[in-house]
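Printed here is query.tsv (TSV, C-alpha atoms):
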```tsv
chain	number	residue	atom	x	y	z
A	1	MET	CA	-11.60	-22.38	79.66
A	2	PRO	CA	-8.85	-25.06	79.42
A	3	GLU	CA	-7.52	-26.67	82.57
A	4	ILE	CA	-4.23	-25.21	83.74
A	5	ASP	CA	-1.19	-27.45	83.22
A	6	VAL	CA	0.74	-26.71	86.42
A	7	ASP	CA	3.95	-28.40	85.30
A	8	ALA	CA	3.99	-26.47	82.03
A	9	LEU	CA	3.31	-23.24	83.91
A	10	LYS	CA	6.18	-23.92	86.31
A	11	ALA	CA	8.47	-24.59	83.36
A	12	ALA	CA	7.45	-21.31	81.70
A	13	LEU	CA	8.03	-19.35	84.88
A	14	GLY	CA	11.35	-21.08	85.48
A	15	ALA	CA	12.54	-19.98	82.05
A	16	ILE	CA	12.37	-16.30	83.06
A	17	ALA	CA	15.91	-14.89	82.90
A	18	ASP	CA	17.60	-13.45	85.97
A	19	PRO	CA	20.04	-10.81	84.71
A	20	HIS	CA	21.87	-10.78	88.04
A	21	THR	CA	22.84	-14.47	88.08
A	22	GLY	CA	23.16	-14.84	84.32
A	23	ALA	CA	20.80	-17.84	84.43
A	24	ASP	CA	17.06	-18.43	84.69
A	25	LEU	CA	14.82	-18.77	87.76
A	26	ALA	CA	14.72	-22.56	87.41
A	27	ALA	CA	18.50	-22.84	87.70
A	28	ALA	CA	18.35	-21.21	91.14
A	29	GLY	CA	15.22	-23.07	92.22
A	30	ALA	CA	13.54	-19.70	92.70
A	31	VAL	CA	10.01	-20.72	91.71
A	32	ARG	CA	9.00	-22.11	95.08
A	33	SER	CA	5.32	-22.86	94.53
A	34	VAL	CA	2.47	-22.52	92.05
A	35	GLY	CA	-1.05	-22.83	93.43
A	36	VAL	CA	-4.13	-23.18	91.22
A	37	ASP	CA	-7.74	-22.39	92.04
A	38	GLY	CA	-9.89	-22.60	88.95
A	39	ASP	CA	-8.56	-20.00	86.54
A	40	ARG	CA	-6.52	-18.22	89.23
A	41	VAL	CA	-2.92	-18.96	90.15
A	42	ALA	CA	-0.72	-17.92	93.05
A	43	VAL	CA	3.04	-17.91	92.46
A	44	GLU	CA	5.75	-17.66	95.10
A	45	VAL	CA	9.24	-16.68	93.94
A	46	ARG	CA	12.05	-16.79	96.45
A	47	LEU	CA	15.47	-15.55	95.42
A	48	GLY	CA	18.72	-16.37	97.19
A	49	TYR	CA	19.79	-12.74	97.38
A	50	PRO	CA	18.20	-9.40	98.36
A	51	ALA	CA	16.59	-7.66	95.40
A	52	GLN	CA	14.35	-4.85	96.59
A	53	GLY	CA	15.27	-2.78	93.56
A	54	TRP	CA	14.29	-5.55	91.13
A	55	LYS	CA	11.33	-6.98	93.05
A	56	ALA	CA	8.56	-5.04	91.28
A	57	ALA	CA	9.96	-5.66	87.79
A	58	LEU	CA	10.37	-9.37	88.47
A	59	ALA	CA	6.85	-9.66	89.90
A	60	ALA	CA	5.46	-7.92	86.81
A	61	GLU	CA	7.34	-10.28	84.49
A	62	VAL	CA	6.18	-13.37	86.42
A	63	GLU	CA	2.59	-12.08	86.25
A	64	ARG	CA	2.91	-11.43	82.52
A	65	VAL	CA	4.18	-14.95	81.83
A	66	ALA	CA	1.51	-16.51	84.06
A	67	LEU	CA	-1.33	-14.59	82.42
A	68	GLY	CA	-0.05	-15.67	79.01
A	69	HIS	CA	-0.40	-19.32	79.97
A	70	PRO	CA	-3.51	-21.19	78.73
A	71	GLY	CA	-6.33	-21.19	81.26
A	72	VAL	CA	-4.93	-18.47	83.55
A	73	ALA	CA	-7.22	-15.45	84.09
A	74	GLN	CA	-5.72	-14.02	87.29
A	75	ALA	CA	-2.28	-14.25	88.84
A	76	ALA	CA	-1.11	-13.26	92.31
A	77	VAL	CA	2.68	-13.06	92.60
A	78	GLN	CA	4.78	-12.92	95.74
A	79	VAL	CA	8.53	-12.20	95.46
A	80	GLY	CA	10.88	-12.56	98.40
A	81	TRP	CA	14.35	-13.79	99.25
A	82	LYS	CA	16.30	-15.73	101.81
A	83	VAL	CA	20.07	-15.39	102.15
A	84	ALA	CA	21.83	-18.65	102.98
A	85	ALA	CA	25.33	-19.27	104.33
A	86	HIS	CA	27.61	-20.30	101.51
A	87	LYS	CA	30.62	-22.57	101.35
A	88	VAL	CA	33.91	-21.18	102.64
A	89	GLN	CA	37.50	-22.40	102.50
A	90	LYS	CA	38.08	-26.00	103.51
A	91	ASP	CA	38.30	-26.75	107.26
A	92	LEU	CA	36.67	-23.39	108.11
A	93	THR	CA	33.09	-22.70	109.16
A	94	PRO	CA	31.18	-19.39	108.98
A	95	LEU	CA	31.03	-17.18	112.04
A	96	PRO	CA	27.97	-17.91	114.19
A	97	ALA	CA	26.17	-14.62	113.49
A	98	VAL	CA	27.52	-13.97	109.98
A	99	ARG	CA	26.13	-15.94	107.04
A	100	ASN	CA	28.58	-14.67	104.45
A	101	ILE	CA	31.82	-12.70	104.44
A	102	ILE	CA	32.61	-10.80	101.24
A	103	ALA	CA	36.17	-9.49	100.96
A	104	VAL	CA	36.69	-6.36	98.86
A	105	ALA	CA	40.23	-6.11	97.52
A	106	SER	CA	42.16	-4.04	95.01
A	107	GLY	CA	45.80	-5.06	95.05
A	108	LYS	CA	46.65	-1.35	94.66
A	109	GLY	CA	45.87	1.73	96.72
A	110	GLY	CA	44.13	4.81	95.39
A	111	VAL	CA	41.44	3.08	93.33
A	112	GLY	CA	38.54	3.94	95.63
A	113	LYS	CA	38.25	0.52	97.25
A	114	SER	CA	37.13	1.74	100.69
A	115	THR	CA	34.52	4.06	99.22
A	116	THR	CA	33.28	1.19	97.07
A	117	SER	CA	33.22	-1.16	100.07
A	118	VAL	CA	31.08	1.18	102.17
A	119	ASN	CA	28.67	1.96	99.35
A	120	LEU	CA	28.45	-1.74	98.46
A	121	ALA	CA	27.51	-2.51	102.07
A	122	LEU	CA	24.91	0.27	102.08
A	123	ALA	CA	23.57	-0.93	98.73
A	124	LEU	CA	23.17	-4.51	100.01
A	125	GLN	CA	21.27	-3.06	102.96
A	126	ALA	CA	19.07	-0.97	100.66
A	127	GLU	CA	18.28	-4.15	98.73
A	128	GLY	CA	16.94	-5.75	101.91
A	129	ALA	CA	19.86	-7.45	103.67
A	130	ARG	CA	21.33	-7.17	107.17
A	131	VAL	CA	24.87	-5.95	106.61
A	132	GLY	CA	28.05	-5.16	108.51
A	133	VAL	CA	31.37	-3.70	107.43
A	134	LEU	CA	34.80	-4.45	108.87
A	135	ASP	CA	37.68	-2.09	108.24
A	136	ALA	CA	40.68	-4.43	107.92
A	137	ASP	CA	43.11	-1.67	107.00
A	138	ILE	CA	44.91	-1.46	110.34
A	139	TYR	CA	47.48	1.07	109.14
A	140	GLY	CA	45.04	3.42	107.41
A	141	PRO	CA	41.47	2.93	108.67
A	142	SER	CA	38.92	5.11	106.87
A	143	ILE	CA	35.54	3.49	107.58
A	144	PRO	CA	34.83	5.52	110.77
A	145	LYS	CA	35.15	8.82	108.88
A	146	MET	CA	33.13	7.57	105.93
A	147	LEU	CA	30.27	6.45	108.20
A	148	GLY	CA	30.50	9.45	110.52
A	149	LEU	CA	31.34	7.29	113.54
A	150	ILE	CA	32.77	8.78	116.73
A	151	GLY	CA	33.56	7.40	120.17
A	152	ARG	CA	34.89	4.05	121.29
A	153	PRO	CA	32.69	0.96	120.96
A	154	ASP	CA	31.13	-0.51	124.11
A	155	SER	CA	31.97	-3.86	125.69
A	156	PRO	CA	29.29	-4.70	128.27
A	157	ASP	CA	30.83	-8.03	129.33
A	158	GLY	CA	34.50	-7.08	128.88
A	159	LYS	CA	34.87	-9.85	126.29
A	160	LYS	CA	32.91	-8.94	123.19
A	161	ILE	CA	32.92	-5.50	121.55
A	162	LEU	CA	29.64	-4.13	120.25
A	163	PRO	CA	29.84	-2.87	116.67
A	164	LYS	CA	29.07	0.78	116.08
A	165	ALA	CA	26.01	1.67	114.01
A	166	GLY	CA	26.43	3.90	110.96
A	167	HIS	CA	23.52	4.53	108.58
A	168	GLY	CA	22.05	1.18	109.61
A	169	LEU	CA	25.28	-0.77	109.11
A	170	GLN	CA	27.09	-2.63	111.89
A	171	ALA	CA	30.69	-1.41	111.71
A	172	MET	CA	34.03	-2.14	113.33
A	173	SER	CA	37.46	-0.60	112.76
A	174	ILE	CA	40.75	-0.15	114.61
A	175	GLY	CA	40.11	3.52	113.98
A	176	LEU	CA	37.38	3.39	116.63
A	177	LEU	CA	39.87	2.17	119.25
A	178	VAL	CA	42.77	4.59	118.67
A	179	GLY	CA	43.06	8.30	118.01
A	180	GLU	CA	42.51	9.58	114.49
A	181	ASP	CA	46.12	10.81	114.29
A	182	THR	CA	47.68	7.81	116.08
A	183	PRO	CA	49.95	5.80	113.77
A	184	MET	CA	49.86	2.00	114.06
A	185	ILE	CA	53.58	1.20	114.21
A	186	TRP	CA	53.12	-2.56	114.25
A	187	ARG	CA	54.85	-5.46	112.59
A	188	GLY	CA	52.96	-7.99	110.49
A	189	PRO	CA	52.03	-10.55	113.21
A	190	MET	CA	50.52	-7.83	115.42
A	191	VAL	CA	48.51	-6.47	112.51
A	192	THR	CA	47.07	-9.84	111.55
A	193	GLN	CA	46.21	-10.62	115.18
A	194	ALA	CA	44.45	-7.27	115.51
A	195	MET	CA	42.44	-7.93	112.36
A	196	GLN	CA	41.35	-11.35	113.62
A	197	GLN	CA	40.34	-9.92	116.98
A	198	LEU	CA	38.28	-7.18	115.35
A	199	LEU	CA	36.47	-9.86	113.40
A	200	THR	CA	35.97	-12.61	115.98
A	201	GLU	CA	35.61	-10.53	119.15
A	202	CYS	CA	33.00	-8.21	117.72
A	203	ALA	CA	29.41	-9.10	118.66
A	204	TRP	CA	27.99	-9.10	115.14
A	205	GLU	CA	24.23	-9.54	115.17
A	206	ASP	CA	22.50	-11.75	112.58
A	207	LEU	CA	24.27	-10.53	109.43
A	208	ASP	CA	23.49	-11.74	105.94
A	209	TYR	CA	26.72	-10.18	104.70
A	210	LEU	CA	29.84	-8.83	106.35
A	211	VAL	CA	31.83	-6.73	103.89
A	212	ILE	CA	35.54	-6.66	104.74
A	213	ASP	CA	37.46	-3.70	103.35
A	214	LEU	CA	40.96	-5.08	102.83
A	215	PRO	CA	44.08	-2.94	102.65
A	216	PRO	CA	45.77	-2.84	99.23
A	217	GLY	CA	48.30	-5.52	98.35
A	218	THR	CA	48.65	-9.27	98.83
A	219	GLY	CA	50.59	-9.33	102.10
A	220	ASP	CA	50.11	-10.57	105.66
A	221	ILE	CA	46.53	-9.42	106.23
A	222	GLN	CA	45.29	-10.73	102.90
A	223	LEU	CA	47.02	-14.08	103.42
A	224	THR	CA	45.72	-14.40	106.98
A	225	LEU	CA	42.20	-13.58	105.90
A	226	SER	CA	42.27	-16.07	103.06
A	227	GLN	CA	43.65	-18.89	105.26
A	228	ARG	CA	42.00	-18.34	108.65
A	229	VAL	CA	38.84	-16.30	108.08
A	230	PRO	CA	35.78	-18.04	106.59
A	231	VAL	CA	35.35	-15.96	103.44
A	232	SER	CA	32.47	-16.81	101.11
A	233	ALA	CA	33.71	-14.77	98.16
A	234	ALA	CA	35.68	-11.73	97.02
A	235	VAL	CA	35.10	-8.66	94.87
A	236	ILE	CA	37.97	-6.94	93.05
A	237	VAL	CA	37.98	-3.15	92.62
A	238	THR	CA	40.14	-1.52	89.95
A	239	THR	CA	40.41	1.52	87.76
A	240	PRO	CA	40.76	1.13	83.98
A	241	GLN	CA	44.46	2.09	83.86
A	242	ASP	CA	47.02	-0.61	83.15
A	243	ILE	CA	49.02	-0.02	86.37
A	244	ALA	CA	45.97	-0.61	88.55
A	245	LEU	CA	44.95	-3.65	86.51
A	246	LEU	CA	48.36	-5.28	87.03
A	247	ASP	CA	47.85	-5.30	90.80
A	248	ALA	CA	44.14	-6.14	90.58
A	249	LYS	CA	45.05	-9.26	88.61
A	250	LYS	CA	47.43	-10.32	91.40
A	251	ALA	CA	44.68	-9.90	93.99
A	252	LEU	CA	42.30	-11.97	91.87
A	253	GLN	CA	44.85	-14.74	91.41
A	254	MET	CA	45.60	-14.77	95.16
A	255	PHE	CA	41.97	-15.53	95.97
A	256	ARG	CA	41.88	-18.25	93.36
A	257	LYS	CA	44.95	-19.91	94.82
A	258	VAL	CA	43.31	-20.11	98.26
A	259	GLU	CA	40.01	-21.30	96.74
A	260	VAL	CA	37.95	-18.20	97.48
A	261	PRO	CA	35.51	-17.54	94.61
A	262	VAL	CA	35.77	-14.13	92.94
A	263	LEU	CA	32.28	-12.77	92.29
A	264	GLY	CA	33.50	-10.24	89.77
A	265	ILE	CA	35.16	-6.91	89.11
A	266	VAL	CA	34.03	-3.38	89.87
A	267	GLU	CA	35.57	-0.77	87.59
A	268	ASN	CA	35.85	2.50	89.49
A	269	MET	CA	36.55	5.93	87.97
A	270	ALA	CA	35.58	4.53	84.58
A	271	VAL	CA	34.69	7.89	83.04
A	272	HIS	CA	34.59	11.55	84.07
A	273	VAL	CA	31.71	13.74	82.92
A	274	CYS	CA	32.37	17.48	83.23
A	275	SER	CA	29.76	19.06	85.50
A	276	ASN	CA	29.90	22.28	83.46
A	277	CYS	CA	29.84	21.18	79.83
A	278	GLY	CA	28.89	17.50	80.02
A	279	HIS	CA	31.99	16.35	78.12
A	280	ALA	CA	32.86	12.73	78.91
A	281	GLU	CA	36.52	11.79	79.17
A	282	HIS	CA	38.17	8.48	80.07
A	283	ILE	CA	40.92	9.95	82.25
A	284	PHE	CA	42.28	6.56	83.40
A	285	GLY	CA	41.71	4.74	80.12
A	286	ALA	CA	38.71	2.83	78.85
A	287	GLY	CA	37.54	-0.77	79.04
A	288	GLY	CA	40.25	-2.08	81.36
A	289	GLY	CA	37.84	-3.70	83.80
A	290	GLU	CA	35.90	-5.31	80.98
A	291	ARG	CA	39.07	-6.74	79.42
A	292	MET	CA	40.22	-8.10	82.76
A	293	ALA	CA	36.82	-9.67	83.36
A	294	ARG	CA	36.94	-11.31	79.96
A	295	ASP	CA	40.54	-12.52	80.33
A	296	TYR	CA	39.90	-14.09	83.75
A	297	GLU	CA	36.36	-15.29	82.98
A	298	VAL	CA	34.63	-13.42	85.79
A	299	PRO	CA	31.74	-10.96	85.49
A	300	LEU	CA	32.12	-7.20	85.33
A	301	LEU	CA	29.73	-6.37	88.16
A	302	GLY	CA	29.46	-2.73	87.15
A	303	ALA	CA	31.32	0.49	86.37
A	304	LEU	CA	31.30	3.72	88.37
A	305	PRO	CA	32.21	7.21	87.15
A	306	LEU	CA	34.81	9.57	88.54
A	307	ASP	CA	32.32	11.86	90.27
A	308	ILE	CA	33.13	14.52	92.84
A	309	ARG	CA	29.93	13.75	94.77
A	310	ILE	CA	31.16	10.26	95.65
A	311	ARG	CA	34.27	11.71	97.25
A	312	GLU	CA	32.52	14.60	98.96
A	313	GLN	CA	29.76	12.44	100.43
A	314	ALA	CA	32.18	9.83	101.76
A	315	ASP	CA	34.41	12.51	103.28
A	316	GLY	CA	31.34	14.04	104.88
A	317	GLY	CA	30.39	10.84	106.70
A	318	THR	CA	27.32	10.05	104.57
A	319	PRO	CA	28.30	7.92	101.55
A	320	THR	CA	26.43	8.25	98.28
A	321	VAL	CA	23.91	5.41	98.77
A	322	ALA	CA	22.86	6.95	102.10
A	323	ALA	CA	23.19	10.61	101.07
A	324	ASP	CA	21.26	10.42	97.80
A	325	PRO	CA	19.50	7.05	97.60
A	326	ASP	CA	17.46	7.90	94.48
A	327	SER	CA	20.40	9.16	92.42
A	328	ALA	CA	21.79	7.40	89.36
A	329	LEU	CA	25.02	6.79	91.27
A	330	SER	CA	23.17	5.00	94.09
A	331	GLN	CA	21.22	2.92	91.59
A	332	THR	CA	24.53	1.83	90.02
A	333	TYR	CA	25.85	0.77	93.42
A	334	ARG	CA	22.63	-1.17	94.04
A	335	GLU	CA	22.89	-2.90	90.68
A	336	ILE	CA	26.47	-3.90	91.54
A	337	ALA	CA	25.29	-5.16	94.94
A	338	ARG	CA	22.53	-7.28	93.38
A	339	ASN	CA	24.95	-8.68	90.81
A	340	ALA	CA	27.48	-9.62	93.50
A	341	ALA	CA	24.93	-11.12	95.90
A	342	ALA	CA	23.24	-13.01	93.07
A	343	ARG	CA	26.52	-14.53	91.93
A	344	LEU	CA	27.15	-15.61	95.50
A	345	SER	CA	23.66	-17.10	95.80
A	346	VAL	CA	24.39	-19.71	93.13
A	347	GLN	CA	27.58	-20.86	94.87
A	348	ALA	CA	27.47	-24.03	96.95
A	349	LYS	CA	25.69	-23.68	100.29
A	350	ASN	CA	27.42	-24.36	103.60
A	351	LYS	CA	25.70	-27.40	105.05
A	352	SER	CA	27.68	-27.50	108.28
A	353	ILE	CA	25.51	-24.88	109.97
A	354	GLY	CA	21.86	-24.08	110.26
A	355	PHE	CA	20.62	-27.63	110.67
A	356	PRO	CA	19.75	-28.94	114.13
A	357	ASN	CA	20.66	-32.43	115.22
A	358	ILE	CA	17.62	-34.70	115.28
A	359	VAL	CA	17.71	-37.62	117.69
A	360	ILE	CA	15.09	-40.37	117.54
A	361	GLN	CA	14.69	-42.50	120.64
A	362	ASN	CA	12.51	-45.50	121.35
A	363	THR	CA	10.46	-44.99	124.51
```
Please, can you express the file's structure as structure tokens?
Amino acid sequence: MPEIDVDALKAALGAIADPHTGADLAAAGAVRSVGVDGDRVAVEVRLGYPAQGWKAALAAEVERVALGHPGVAQAAVQVGWKVAAHKVQKDLTPLPAVRNIIAVASGKGGVGKSTTSVNLALALQAEGARVGVLDADIYGPSIPKMLGLIGRPDSPDGKKILPKAGHGLQAMSIGLLVGEDTPMIWRGPMVTQAMQQLLTECAWEDLDYLVIDLPPGTGDIQLTLSQRVPVSAAVIVTTPQDIALLDAKKALQMFRKVEVPVLGIVENMAVHVCSNCGHAEHIFGAGGGERMARDYEVPLLGALPLDIRIREQADGGTPTVAADPDSALSQTYREIARNAAARLSVQAKNKSIGFPNIVIQNT
């Protein structure tokens, strides 16, 4: 039995492709250690994003490559992940209990952005992350209804507000503080102040990701968030139709101007499949999200169908990923979540937090 060349084995394992980042494991430094004991090896892989839905397949591929290496008879593989805080806009630092803020924007209303935001948050949680969701649509909050939340949030110390819990998510919305039929007749400065207070005065607890559901457009709230809130990245939601794409492009360009990375595009309502006859029809056009992704050189994170279950489940307070976790729809949301989190994981880390000061003194 030949002696195992550890360096060659590491190189072979590092060459395994990661479909979520678009690179290999070596590029992300994911192969953490390779231990050798005779003809047996132990491999530790640590990703920078949650990947519960891909964990078994990745472990099997790592084992296959290891067993194909000269001298290896047995391989034990451990796959895990650790989510780091990533770089935000200049002069801003991440919130103390939130490693990463992901803004979900559309530029245009009616494209299913809020439903996508909630299911994205639930999908990140299903993949193994600690996740919160902030409803930043002050004029038309919908997150409380989608998560089945009722009652006002508590404030034990009179300073910080405790987020409500919905299907395991930490959630906050102006809709929890006012009546469901109470209109918010506020001017821009009041709206932006309210959004900042909801974010900074909420006692978020150890979140890997906070998903912010932005209102449509590129106005006061979007500008305030991009300039004053430490956002790690953004996701753009659109439908395939040209009118929606026009506004989605503006939202994407806004984030680029304020130096917030865009992780990619989610194409919602991409196709409708008749529940009676199975006929597939592109009601809002076809391929718009893919063309936009290609034109602006960002990934298409995934495409979702126009499916009545998505609407019904969100309206009922149990969104698709929570209502039917094993469905094809939920698996699509989880694939989108892995793609988004993986793209974020290869962005620059934020080195201003998470490292204690070390003082050496002569005694």
Length of the CA of Ala341 in chain A to CA of Val191 in chain A vector [Å]: 29.2 Å
Let me make sure I understand: among A:Gly22, A:Pro325, A:Gly38, A:Gly29, which one has the smallest atom-to-atom distance to Glu3 in chain A if we use all atoms listed in the file? A:Gly38
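With all atoms listed in the file as the basis for measurement, A:Pro19 is the residue among A:Ile102, A:Val41, A:Gly35, A:Pro19 that approaches Leu58 in chain A most closely.
Look at Leu177 in chain A: the protein and nucleic acid residues within 10 Å of it, using only C-alpha atoms and passing over chain neighbours fewer than 6 places away, are Gly151, Arg152 and Pro153 of chain A.
A straight line drawn from CA of Ala17 in chain A to CA of Val62 in chain A is 10.5 Å long.
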Leaving out Leu162 in chain A and any residue of its chain fewer than 3 positions from it, which residues lie within 8 Å of it when counting only C-alpha atoms, given as a list in words? Pro153, Asp154, Ser155, Cys202, Ala203 and Trp204 of chain A
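For the residues A:Ala248, A:Leu263, A:Leu225, A:Ile143, ranking by smallest atom-to-atom distance to Gln89 in chain A using only C-alpha atoms places A:Leu225 first.
Around Pro240 in chain A, within 7 Å and counting all atoms listed in the file, the residues found are Leu245, Glu267, Ala270, Phe284, Gly285, Ala286, Gly287, Gly288 and Gly289 of chain A, once anything fewer than 5 positions away on its own chain is removed.
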Keeping only C-alpha atoms, take the residues you just selected and write them out as a CSV table (one decimal), in the coordinates of the input.
```csv
chain,number,residue,atom,x,y,z
A,245,LEU,CA,45.0,-3.6,86.5
A,267,GLU,CA,35.6,-0.8,87.6
A,270,ALA,CA,35.6,4.5,84.6
A,284,PHE,CA,42.3,6.6,83.4
A,285,GLY,CA,41.7,4.7,80.1
A,286,ALA,CA,38.7,2.8,78.8
A,287,GLY,CA,37.5,-0.8,79.0
A,288,GLY,CA,40.2,-2.1,81.4
A,289,GLY,CA,37.8,-3.7,83.8
```
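By all atoms listed in the file, and with residues fewer than 2 positions from Lys90 in chain A along its chain excluded, the set lying at most 9 Å from it is Lys87, Val88, Leu92, Thr93, Pro230 and Glu259 of chain A.
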Spatial neighbours of Gly264 in chain A, max dist 6 Å, all atoms listed in the file, sep filter under 3 positions, as a count of residues only: 5
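Take the candidates A:Val273, A:Val43, A:Leu95, A:Met292 and check each one against Arg309 in chain A using all atoms listed in the file; the shortest distance goes to A:Val273.
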